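Okay, so here's the structure we're looking at.
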Amino acid sequence: MGLNKSRRNILTLTATLLCSLLMLNATASPSEPQSRTRRRTVVANDFPGADLGAKINAAGRELGASPGEVLVKNGGIISTQVIVNFGHTLRFLPGTYTLNTQLLWEGAFLLKSGTTVVGSGWDTVIVEPAKTGWTVFQSFNDIRSRPAHSGADSDISVSNLQIKGANPGVEGGVRQTVSLGNCQRCLVENLWLNGTGVIGVQAGGNSLKGNHAADVAIRKNLFTRVASQAVAVVNGRDVKIDGNTFEASGRCCLQGMTAIDLEPNEPSDIIRNIEITNNRIDSSNSSFLHGNAILVQNSVRTKQFGPVLVKNNTVIGGGLVPNSAGNVATGIYVAGFTEDVDVIDNVVSRVAHSGIRLENTTRNRVSGNRVVSAGTGGILAFEVTDTTDSEIFDNVVIVDPNSPLGNEVIQEAGKSARNNYARNSGSKGVLSHTTTRIRP
């Protein structure tokens, strides 16, 4: 019996040694496929070029078609447009990188599919062009396709840096600081857009070639004093706008600024499976009454609309103080031939007009929301106009005594029909809706 045990021990030891030798051999002689996928890192500052942009492009050419990383450090002037090629990561170390590209219609950085731009945090500062143009990051095929904004890219990520405004001019709704276009599987995360002059981040180009944005995440970003819509979706599916913070919205006095805007531009565009969740919109420090907090609209009547989820967001138009109506017009506004929108568990306080307004929309579910001190100047706190087949229940509409401007009213008006109301409440208990009909 002892001999058999010794033999087993010898066999076990032999097998262990053979496995160790095989592992050592594999480590010493990597296979050809492994060597082909090894990523290189090149430092842009070490390459020749008239400015930092030219150096970045030279470093990218050195990587060629191989995956790799271009590292940029110490800040500097970028006058040459940068094109980031497939499989490349453009990594910025701390510093101030000032754009002087002066491109009216194109971004300072064009990002091809399969690219990543990442900073070291908000101490990586990219300053928007001070004279001509505002677009900083743009997907390559968004602008280089013909017609423009009809192409599509995929797998683009921009994260972990600050983009600072410098152009004294503003533009209402044409260009974007981060222009994803019809990007698929794309991410914008942990950016700080600080006083920029155009739309902040937009998903969706046009639908002329049948393309649309898809599987896009815009999350955990900070938007302060952004002049136009901070986040916009115009043609997209499966887009998540989650956990962002919007502060002091607008740059005086560009009217119509909206923090989050869903708005198709053409009947062939789509707005499908959009989620607006866990965002905080605080306009207490805005310098003027700037528009809406969250706007969901479909004025072009695209048939590919919904569902849309607006959930767990906080909207603060101003402080709960006397003699103040706040700096947001309408908190959550669902309008213009929309359908299948769920507005759930949001908090809206101290906005000048309605906290929640449904207008010309159908098949919505509005529940668990809290509206505080909304409605002034003859506008009611919660308005349901020309709306049909919707469920409105378990909402609270109150006026805080510290901010008495406002009312506790849910009103159904116009051609509204077949809406159900249940368990809505005010400061004195059950809150029944009022009805105002338009005579035929």
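Each chain in the structure tokens gets a letter, A, B, ..., in the order shown, and its residues are numbered from 1; ligands are numbered from 1 in order too.
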Polymer residues at most 6 Å from region 166-177 of chain A, only C-alpha atoms, same-chain spacing of 4 or more positions, as a VMD selection string
chain A and resid 128 130 to 131 135 to 136 197 to 200 228
List the neighbours of Cys183 (chain A) out to 12 Å using only C-alpha atoms; skip same-chain residues closer than 4 positions along the sequence, and give me the result as JSON, numbers by chain.
{"A": [111, 112, 113, 114, 115, 138, 139, 140, 141, 142, 149, 150, 151, 152, 153, 154, 155, 156, 157, 178, 179, 187, 188, 202, 203, 204, 205, 206, 211, 212, 213, 214, 215, 216, 217, 233, 235, 236, 237, 238, 239]}
Residues of region 164-222 of chain A in strand (DSSP E or B), written as an NGL selection string
:A and (164 or 176-181 or 184-194 or 199-203 or 213-219 or 222)
Shell around Pro264 (chain A) at 7 Å using only C-alpha atoms, local window under 5 positions removed, as a VMD selection string:
chain A and resid 234 to 235 269 to 271 298 300
Written file, previous selection with N, CA and C atoms, as a tab-separated table (two decimals), in the first residue's frame:
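Okay, result10.tsv is ready:
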```tsv
chain	number	residue	atom	x	y	z
A	234	VAL	N	-32.13	63.66	-31.47
A	234	VAL	CA	-32.99	64.02	-32.60
A	234	VAL	C	-33.34	62.82	-33.48
A	235	ASN	N	-32.57	61.75	-33.39
A	235	ASN	CA	-32.81	60.60	-34.27
A	235	ASN	C	-32.09	59.41	-33.64
A	269	ASP	N	-37.15	60.48	-39.00
A	269	ASP	CA	-36.33	60.26	-37.81
A	269	ASP	C	-37.07	59.35	-36.83
A	270	ILE	N	-36.34	58.81	-35.87
A	270	ILE	CA	-36.97	57.97	-34.86
A	270	ILE	C	-36.59	58.44	-33.46
A	271	ILE	N	-37.49	58.23	-32.54
A	271	ILE	CA	-37.23	58.40	-31.11
A	271	ILE	C	-37.80	57.15	-30.44
A	298	ASN	N	-42.64	65.99	-30.52
A	298	ASN	CA	-42.66	65.30	-31.81
A	298	ASN	C	-43.46	66.13	-32.81
A	300	VAL	N	-42.82	67.03	-35.74
A	300	VAL	CA	-42.78	66.58	-37.15
A	300	VAL	C	-43.61	65.32	-37.36
```
Give me, as a VMD selection string, the residues of region 5-240 of chain A that a backbone DSSP run labels alpha helix (DSSP H).
chain A and resid 5 to 28 32 to 36 52 to 63 140 to 144
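Shell of Tyr333 (chain A) at 10 Å, with only C-alpha atoms counted and residues fewer than 2 places along the chain excluded, is A:Asp261, A:Asn292, A:Ala293, A:Ile294, A:Leu295, A:Val296, A:Gln297, A:Ala329, A:Thr330, A:Gly331, A:Ala335, A:Gly336, A:Val343, A:Ser354, A:Gly355, A:Ile356, A:Arg357, A:Leu358, A:Glu359, A:Glu383.
Close contacts of region 277-285 of chain A, defined as residues with an atom at most 8 Å away when counting only C-alpha atoms, with chain neighbours fewer than 5 positions off set aside, comprise Lys240, Ile241, Asp242, Gly243, Asn244, Thr245, Phe246, Glu247, Ala248, Ser249, Ala259, Ala293, Leu309, Val310, Lys311, Asn312, Asn313, Thr314, Val315, Ile316, Gly317, Gly318, Gly319, Gly326, Asn327 and Val328 of chain A.
The two atoms in question, CA of Val201 (chain A) and CA of Lys55 (chain A), are spaced 27.0 Å apart.
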